[in-house]
>>> print(open('entry_23.txt').read())   # compact mmCIF, C-alpha atoms
# COMPACT_ATOMS: atom_id res chain seq x y z
CA MET A 1 105.45 112.17 117.46
CA ASP A 2 108.81 111.30 115.99
CA PHE A 3 111.44 113.18 118.00
CA SER A 4 113.97 113.03 115.16
CA SER A 5 112.06 115.77 113.32
CA ILE A 6 112.22 117.97 116.44
CA GLU A 7 115.93 117.23 116.79
CA SER A 8 116.39 118.16 113.12
CA VAL A 9 114.66 121.52 113.67
CA LEU A 10 116.77 122.17 116.76
CA GLY A 11 119.91 121.35 114.77
CA LEU A 12 118.88 123.80 112.05
CA ALA A 13 118.14 126.45 114.68
CA SER A 14 121.55 125.93 116.26
CA THR A 15 123.29 126.17 112.87
CA ALA A 16 121.32 129.29 111.94
CA LEU A 17 122.23 130.84 115.28
CA GLY A 18 125.91 130.07 114.64
CA ALA A 19 125.75 131.62 111.17
CA THR A 20 124.06 134.72 112.59
CA GLY A 21 126.73 134.92 115.30
CA LYS A 22 129.48 134.86 112.67
CA ALA A 23 127.78 137.67 110.76
CA VAL A 24 127.51 139.75 113.93
CA SER A 25 131.22 139.22 114.60
CA THR A 26 132.05 140.34 111.09
CA VAL A 27 129.87 143.47 111.49
CA GLU A 28 131.78 144.28 114.68
CA ALA A 29 135.08 143.84 112.80
CA VAL A 30 133.88 146.21 110.05
CA LYS A 31 132.80 148.79 112.66
CA LYS A 32 136.19 148.56 114.39
CA LEU A 33 137.96 148.96 111.08
CA LEU A 34 135.94 152.06 110.18
CA ALA A 35 136.26 153.58 113.66
CA SER A 36 140.02 153.16 113.89
CA GLU A 37 142.35 156.17 113.84
CA LYS A 38 144.25 154.96 110.84
CA LYS A 39 142.69 154.90 107.43
CA PRO A 40 141.66 151.33 106.54
CA GLN A 41 142.98 149.75 103.40
CA SER A 42 140.25 149.19 100.84
CA SER A 43 141.28 145.56 100.32
CA GLU A 44 140.87 144.84 104.02
CA ALA A 45 137.45 146.51 104.10
CA GLN A 46 136.44 144.74 100.88
CA THR A 47 137.45 141.36 102.32
CA LEU A 48 135.41 141.97 105.47
CA LEU A 49 132.39 143.16 103.48
CA ASN A 50 132.58 140.10 101.19
CA THR A 51 132.81 137.86 104.24
CA LEU A 52 129.82 139.65 105.76
CA ALA A 53 127.79 139.21 102.56
CA THR A 54 128.62 135.49 102.49
CA GLU A 55 127.76 135.03 106.16
CA LEU A 56 124.49 136.96 105.83
CA THR A 57 123.52 134.87 102.81
CA ALA A 58 124.30 131.68 104.72
CA ALA A 59 122.32 132.90 107.74
CA ASN A 60 119.41 133.82 105.49
CA MET A 61 119.42 130.39 103.84
CA MET A 62 119.53 128.71 107.26
CA ASN A 63 116.59 130.84 108.40
CA VAL A 64 114.60 129.86 105.30
CA GLN A 65 115.34 126.18 105.95
CA LEU A 66 114.46 126.62 109.62
CA SER A 67 111.19 128.33 108.72
CA GLU A 68 110.26 125.49 106.34
CA ALA A 69 111.13 122.86 108.96
CA ILE A 70 109.07 124.64 111.62
CA LYS A 71 106.10 124.85 109.22
CA ALA A 72 106.39 121.12 108.48
CA LEU A 73 106.62 120.35 112.20
CA SER A 74 103.59 122.54 112.85
CA ARG A 75 101.60 120.71 110.15
CA GLU A 76 102.57 117.35 111.66
CA LEU A 77 101.54 118.48 115.14
CA LYS A 78 98.19 119.70 113.77
CA ARG A 79 97.66 116.40 111.95
CA GLN A 80 98.36 114.49 115.15
CA ASP A 81 96.10 116.77 117.16
CA ASP A 82 93.30 116.28 114.61
CA PHE A 83 93.78 112.51 114.82
CA GLU A 84 93.63 112.55 118.62
CA ASN A 85 90.44 114.63 118.49
CA GLU A 86 88.89 112.17 116.04
CA LYS A 87 90.05 109.19 118.12
CA ALA A 88 88.42 110.74 121.21
CA ARG A 89 85.04 110.34 119.49
CA TYR A 90 85.31 106.56 119.93
CA GLU A 91 85.27 104.20 122.90
CA LEU A 92 86.26 100.57 123.30
CA PHE A 93 83.36 98.19 122.78
CA GLN A 94 83.23 94.45 123.41
CA THR A 95 81.07 92.45 121.01
CA ALA A 96 78.82 89.61 122.14
CA GLN A 97 81.62 87.25 121.13
CA HIS A 98 84.22 89.17 123.15
CA ASP A 99 86.01 90.80 120.24
CA VAL A 100 87.10 94.35 121.02
CA VAL A 101 86.44 97.17 118.57
CA PHE A 102 85.99 100.91 118.79
CA LYS A 103 82.44 102.27 118.67
CA LEU A 104 81.37 105.83 117.94
CA LYS A 105 80.25 107.49 121.18
CA ASP A 106 76.57 108.41 121.00
CA ASP A 107 77.19 111.92 122.32
CA ARG A 108 79.99 112.56 119.75
CA ALA A 109 78.20 111.30 116.61
CA ASN A 110 77.72 114.77 115.06
CA GLY A 111 74.93 113.40 112.87
CA GLN A 112 76.84 110.28 111.78
CA PRO A 113 75.16 106.89 112.10
CA SER A 114 76.43 104.54 114.78
CA HIS A 115 79.43 102.59 113.50
CA PHE A 116 82.56 100.70 114.52
CA ILE A 117 86.20 101.17 113.59
CA CYS A 118 89.09 98.74 113.48
CA PRO A 119 91.30 98.76 116.59
CA VAL A 120 94.19 97.18 114.68
CA CYS A 121 94.34 99.99 112.11
CA LEU A 122 93.77 102.63 114.76
CA ASN A 123 96.59 101.45 117.00
CA ALA A 124 99.09 100.25 114.41
CA ASP A 125 98.61 102.63 111.48
CA ARG A 126 96.82 105.53 113.22
CA LEU A 127 94.01 105.24 110.67
CA ILE A 128 90.25 105.42 111.14
CA SER A 129 89.08 102.35 109.20
CA PHE A 130 85.41 101.44 109.27
CA ILE A 131 84.21 97.93 110.06
CA SER A 132 81.50 96.80 107.68
CA GLY A 133 79.42 93.76 106.90
CA GLU A 134 76.16 92.06 107.68
CA GLY A 135 75.54 89.17 110.00
CA ASP A 136 77.80 87.59 112.55
CA PHE A 137 81.16 88.59 111.11
CA LYS A 138 82.29 92.05 110.08
CA VAL A 139 85.57 93.08 108.46
CA CYS A 140 87.79 96.12 108.35
CA GLN A 141 87.42 98.08 105.12
CA LYS A 142 91.19 98.55 104.88
CA SER A 143 92.30 95.00 105.59
CA ARG A 144 90.15 91.93 105.06
CA ASP A 145 92.47 90.13 107.50
CA HIS A 146 90.93 92.14 110.35
CA THR A 147 87.70 90.27 111.08
CA PHE A 148 85.46 90.69 114.10
CA ARG A 149 82.73 88.44 115.50
CA PHE A 150 79.60 90.27 116.61
CA LYS A 151 77.23 87.31 117.08
CA SER A 152 77.39 83.59 117.54
CA THR A 153 77.06 81.41 114.46
CA THR A 154 75.41 78.02 114.93
CA TYR A 155 77.06 75.21 112.98
CA THR A 156 75.45 71.96 111.82
CA ARG A 157 77.17 68.60 111.87
CA ALA A 158 78.32 69.09 108.30
CA GLY A 159 80.34 72.12 109.46
CA ARG A 160 78.14 74.63 107.70
CA ALA A 161 76.30 77.50 109.28
CA ALA A 162 72.68 76.79 110.09
CA THR A 163 70.71 79.17 107.89
CA ASP A 164 67.00 79.51 107.47
CA TRP A 165 66.57 79.72 103.65
CA THR A 166 62.79 80.02 103.85
CA VAL A 167 62.89 83.67 104.84
>>> encode(input="entry_23.txt", output="structure tokens")
Amino acid sequence: MDFSSIESVLGLASTALGATGKAVSTVEAVKKLLASEKKPQSSEAQTLLNTLATELTAANMMNVQLSEAIKALSRELKRQDDFENEKARYELFQTAQHDVVFKLKDDRANGQPSHFICPVCLNADRLISFISGEGDFKVCQKSRDHTFRFKSTTYTRAGRAATDWTV
């Protein structure tokens, strides 16, 4: 999780708290003015009430921004939690040629066929990218640069793979 988004929410909360504090101070000033022995001047009361309205509007806007930021943070935490739950369905698997991939755990398949996912995409991009292909080499569906060896390929002297074309 990126802590800058949490710091941003905390900054908004602090600012909203400050704006609310100012409004409370202004309410106290209005109460003092109205409770005083002498009759308050209407201009003084009007100034305080205008200030209060401005401060309450600012506090309200801060609270709206804070609410939106908390919702966004909550969505991001849910997305990360969902990813971690999905990632927990896989385990590291070493191919016959010692490449390492992630394999779907048999007990967590939930009706899906057995398959492999790319460890590069999972660790770097936090993406579940399937590995596909037939034969000795398989590739990541997201990036063809991510290739994995599952079996040994026999090469002839000409440098080509030995293939039985009679089948």
>>> closest_residue(input="entry_23.txt", among="A:Phe3, A:His98, A:Ala124, A:Val24", to="Ala53 in chain A", atoms="only C-alpha atoms")
A:Val24
>>> atom_distance(input="entry_23.txt", atom1="CA of Cys118 in chain A", atom2="CA of Val139 in chain A")
8.3 Å
>>> axis_aligned_box(input="entry_23.txt", around="range 98-103 of chain A", padding_each_side="8 Å", output="AutoDock Vina command-line options")
--center_x 84.8 --center_y 95.7 --center_z 120.9 --size_x 20.7 --size_y 29.1 --size_z 20.6
>>> residues_near_point(input="entry_23.txt", point="(89.7, 110.5, 118.9)", cutoff="12 Å", atoms="only C-alpha atoms", output="number ranges by chain")
A: 80-92, 102-105, 108-109, 117, 122-123, 126-128
>>> atom_distance(input="entry_23.txt", atom1="CA of Lys22 in chain A", atom2="CA of Glu55 in chain A")
6.7 Å
>>> closest_residue(input="entry_23.txt", among="A:Ser25, A:Gln46, A:Thr54, A:Ser67", to="Val9 in chain A", atoms="all atoms listed in the file")
A:Ser67
>>> residues_around(input="entry_23.txt", residues="Ala96 in chain A", least_positions_apart="4", cutoff="12 Å", atoms="all atoms listed in the file", output="ChimeraX atom specification")
/A:100-101,136-137,148-153
>>> atom_distance(input="entry_23.txt", atom1="CA of Lys142 in chain A", atom2="CA of Phe130 in chain A")
7.8 Å
>>> residues_around(input="entry_23.txt", residues="range 56-65 of chain A", least_positions_apart="4", cutoff="10 Å", atoms="only C-alpha atoms", output="list in words")
Val9, Leu12, Ala13, Ser14, Thr15, Ala16, Leu17, Gly18, Ala19, Thr20, Gly21, Lys22, Ala23, Val24, Thr26, Asn50, Thr51, Leu52, Ala69, Ile70 and Lys71 of chain A
>>> write_last_selection(input="entry_23.txt", atoms="C-alpha atoms", output="compact mmCIF listing (two decimals), in the coordinates of the input")
# COMPACT_ATOMS: atom_id res chain seq x y z
CA VAL A 9 114.66 121.52 113.67
CA LEU A 12 118.88 123.80 112.05
CA ALA A 13 118.14 126.45 114.68
CA SER A 14 121.55 125.93 116.26
CA THR A 15 123.29 126.17 112.87
CA ALA A 16 121.32 129.29 111.94
CA LEU A 17 122.23 130.84 115.28
CA GLY A 18 125.91 130.07 114.64
CA ALA A 19 125.75 131.62 111.17
CA THR A 20 124.06 134.72 112.59
CA GLY A 21 126.73 134.92 115.30
CA LYS A 22 129.48 134.86 112.67
CA ALA A 23 127.78 137.67 110.76
CA VAL A 24 127.51 139.75 113.93
CA THR A 26 132.05 140.34 111.09
CA ASN A 50 132.58 140.10 101.19
CA THR A 51 132.81 137.86 104.24
CA LEU A 52 129.82 139.65 105.76
CA ALA A 69 111.13 122.86 108.96
CA ILE A 70 109.07 124.64 111.62
CA LYS A 71 106.10 124.85 109.22
>>> decode(input="entry_23.txt", residues="range 83-97 of chain A", atoms="all heavy atoms", output="short mmCIF file (atom, residue, chain, number, x, y, z; two decimals), in the first residue's frame")
data_model
loop_
_atom_site.label_atom_id
_atom_site.label_comp_id
_atom_site.auth_asym_id
_atom_site.auth_seq_id
_atom_site.Cartn_x
_atom_site.Cartn_y
_atom_site.Cartn_z
N PHE A 83 -6.71 -9.01 -4.04
CA PHE A 83 -5.52 -9.51 -4.73
C PHE A 83 -4.77 -10.52 -3.85
O PHE A 83 -4.36 -11.58 -4.32
CB PHE A 83 -4.58 -8.36 -5.12
CG PHE A 83 -3.28 -8.85 -5.68
CD1 PHE A 83 -3.19 -9.29 -6.99
CD2 PHE A 83 -2.13 -8.88 -4.90
CE1 PHE A 83 -2.00 -9.76 -7.50
CE2 PHE A 83 -0.94 -9.35 -5.41
CZ PHE A 83 -0.86 -9.78 -6.71
N GLU A 84 -4.59 -10.19 -2.58
CA GLU A 84 -3.89 -11.11 -1.67
C GLU A 84 -4.63 -12.42 -1.52
O GLU A 84 -4.01 -13.48 -1.46
CB GLU A 84 -3.66 -10.45 -0.30
CG GLU A 84 -2.64 -9.32 -0.32
CD GLU A 84 -1.26 -9.72 -0.80
OE1 GLU A 84 -0.81 -10.85 -0.50
OE2 GLU A 84 -0.62 -8.91 -1.50
N ASN A 85 -5.96 -12.37 -1.48
CA ASN A 85 -6.76 -13.60 -1.41
C ASN A 85 -6.59 -14.43 -2.67
O ASN A 85 -6.49 -15.66 -2.61
CB ASN A 85 -8.24 -13.28 -1.17
CG ASN A 85 -8.50 -12.80 0.24
OD1 ASN A 85 -7.73 -13.08 1.15
ND2 ASN A 85 -9.57 -12.05 0.41
N GLU A 86 -6.58 -13.76 -3.83
CA GLU A 86 -6.38 -14.48 -5.10
C GLU A 86 -4.97 -15.05 -5.17
O GLU A 86 -4.77 -16.19 -5.58
CB GLU A 86 -6.66 -13.54 -6.28
CG GLU A 86 -6.54 -14.20 -7.63
CD GLU A 86 -7.59 -15.26 -7.90
OE1 GLU A 86 -8.62 -15.33 -7.21
OE2 GLU A 86 -7.37 -16.06 -8.84
N LYS A 87 -3.99 -14.28 -4.75
CA LYS A 87 -2.59 -14.73 -4.76
C LYS A 87 -2.40 -15.95 -3.86
O LYS A 87 -1.61 -16.85 -4.18
CB LYS A 87 -1.68 -13.59 -4.30
CG LYS A 87 -0.21 -13.92 -4.33
CD LYS A 87 0.61 -12.72 -3.85
CE LYS A 87 2.06 -13.09 -3.71
NZ LYS A 87 2.86 -11.98 -3.19
N ALA A 88 -3.15 -16.02 -2.76
CA ALA A 88 -3.03 -17.14 -1.82
C ALA A 88 -3.51 -18.45 -2.43
O ALA A 88 -3.21 -19.52 -1.89
CB ALA A 88 -3.81 -16.82 -0.55
N ARG A 89 -4.20 -18.39 -3.55
CA ARG A 89 -4.65 -19.61 -4.23
C ARG A 89 -3.52 -20.30 -4.98
O ARG A 89 -3.68 -21.42 -5.46
CB ARG A 89 -5.77 -19.28 -5.21
CG ARG A 89 -7.03 -18.75 -4.55
CD ARG A 89 -8.10 -18.40 -5.56
NE ARG A 89 -8.44 -19.58 -6.34
CZ ARG A 89 -8.78 -19.55 -7.62
NH1 ARG A 89 -8.84 -18.41 -8.27
NH2 ARG A 89 -9.07 -20.67 -8.26
N TYR A 90 -2.36 -19.66 -5.07
CA TYR A 90 -1.25 -20.18 -5.86
C TYR A 90 -0.05 -20.50 -4.96
O TYR A 90 0.11 -19.92 -3.89
CB TYR A 90 -0.83 -19.17 -6.94
CG TYR A 90 -1.92 -18.94 -7.95
CD1 TYR A 90 -2.90 -17.97 -7.74
CD2 TYR A 90 -1.99 -19.72 -9.10
CE1 TYR A 90 -3.92 -17.78 -8.66
CE2 TYR A 90 -3.01 -19.52 -10.01
CZ TYR A 90 -3.97 -18.56 -9.79
OH TYR A 90 -4.98 -18.37 -10.70
N GLU A 91 0.79 -21.41 -5.46
CA GLU A 91 2.02 -21.76 -4.76
C GLU A 91 3.15 -21.80 -5.77
O GLU A 91 2.94 -22.02 -6.96
CB GLU A 91 1.87 -23.11 -4.06
CG GLU A 91 1.60 -24.27 -5.01
CD GLU A 91 1.25 -25.55 -4.29
OE1 GLU A 91 1.42 -25.62 -3.07
OE2 GLU A 91 0.79 -26.49 -4.97
N LEU A 92 4.37 -21.56 -5.28
CA LEU A 92 5.53 -21.64 -6.17
C LEU A 92 5.69 -23.06 -6.67
O LEU A 92 5.47 -24.03 -5.94
CB LEU A 92 6.79 -21.20 -5.44
CG LEU A 92 6.97 -19.70 -5.29
CD1 LEU A 92 8.21 -19.40 -4.45
CD2 LEU A 92 7.09 -19.01 -6.64
N PHE A 93 6.08 -23.18 -7.93
CA PHE A 93 6.24 -24.48 -8.57
C PHE A 93 7.49 -24.41 -9.43
O PHE A 93 7.68 -23.46 -10.18
CB PHE A 93 5.01 -24.78 -9.44
CG PHE A 93 5.10 -26.05 -10.23
CD1 PHE A 93 4.81 -27.27 -9.63
CD2 PHE A 93 5.49 -26.03 -11.56
CE1 PHE A 93 4.90 -28.45 -10.36
CE2 PHE A 93 5.58 -27.19 -12.30
CZ PHE A 93 5.28 -28.41 -11.70
N GLN A 94 8.34 -25.42 -9.32
CA GLN A 94 9.55 -25.47 -10.13
C GLN A 94 9.34 -26.46 -11.26
O GLN A 94 8.99 -27.63 -11.03
CB GLN A 94 10.75 -25.88 -9.28
CG GLN A 94 12.06 -25.74 -10.02
CD GLN A 94 13.25 -25.95 -9.09
OE1 GLN A 94 13.17 -26.69 -8.13
NE2 GLN A 94 14.34 -25.28 -9.39
N THR A 95 9.55 -25.99 -12.49
CA THR A 95 9.37 -26.85 -13.66
C THR A 95 10.51 -27.86 -13.73
O THR A 95 11.51 -27.75 -13.00
CB THR A 95 9.34 -26.03 -14.95
OG1 THR A 95 10.64 -25.49 -15.20
CG2 THR A 95 8.31 -24.91 -14.89
N ALA A 96 10.38 -28.80 -14.64
CA ALA A 96 11.44 -29.82 -14.83
C ALA A 96 12.75 -29.17 -15.25
O ALA A 96 13.82 -29.74 -15.02
CB ALA A 96 10.99 -30.85 -15.86
N GLN A 97 12.68 -28.00 -15.82
CA GLN A 97 13.89 -27.30 -16.26
C GLN A 97 14.30 -26.19 -15.28
O GLN A 97 15.05 -25.29 -15.62
CB GLN A 97 13.68 -26.72 -17.66
CG GLN A 97 13.52 -27.79 -18.72
CD GLN A 97 14.74 -28.69 -18.78
OE1 GLN A 97 15.85 -28.22 -19.00
NE2 GLN A 97 14.54 -29.98 -18.55
#
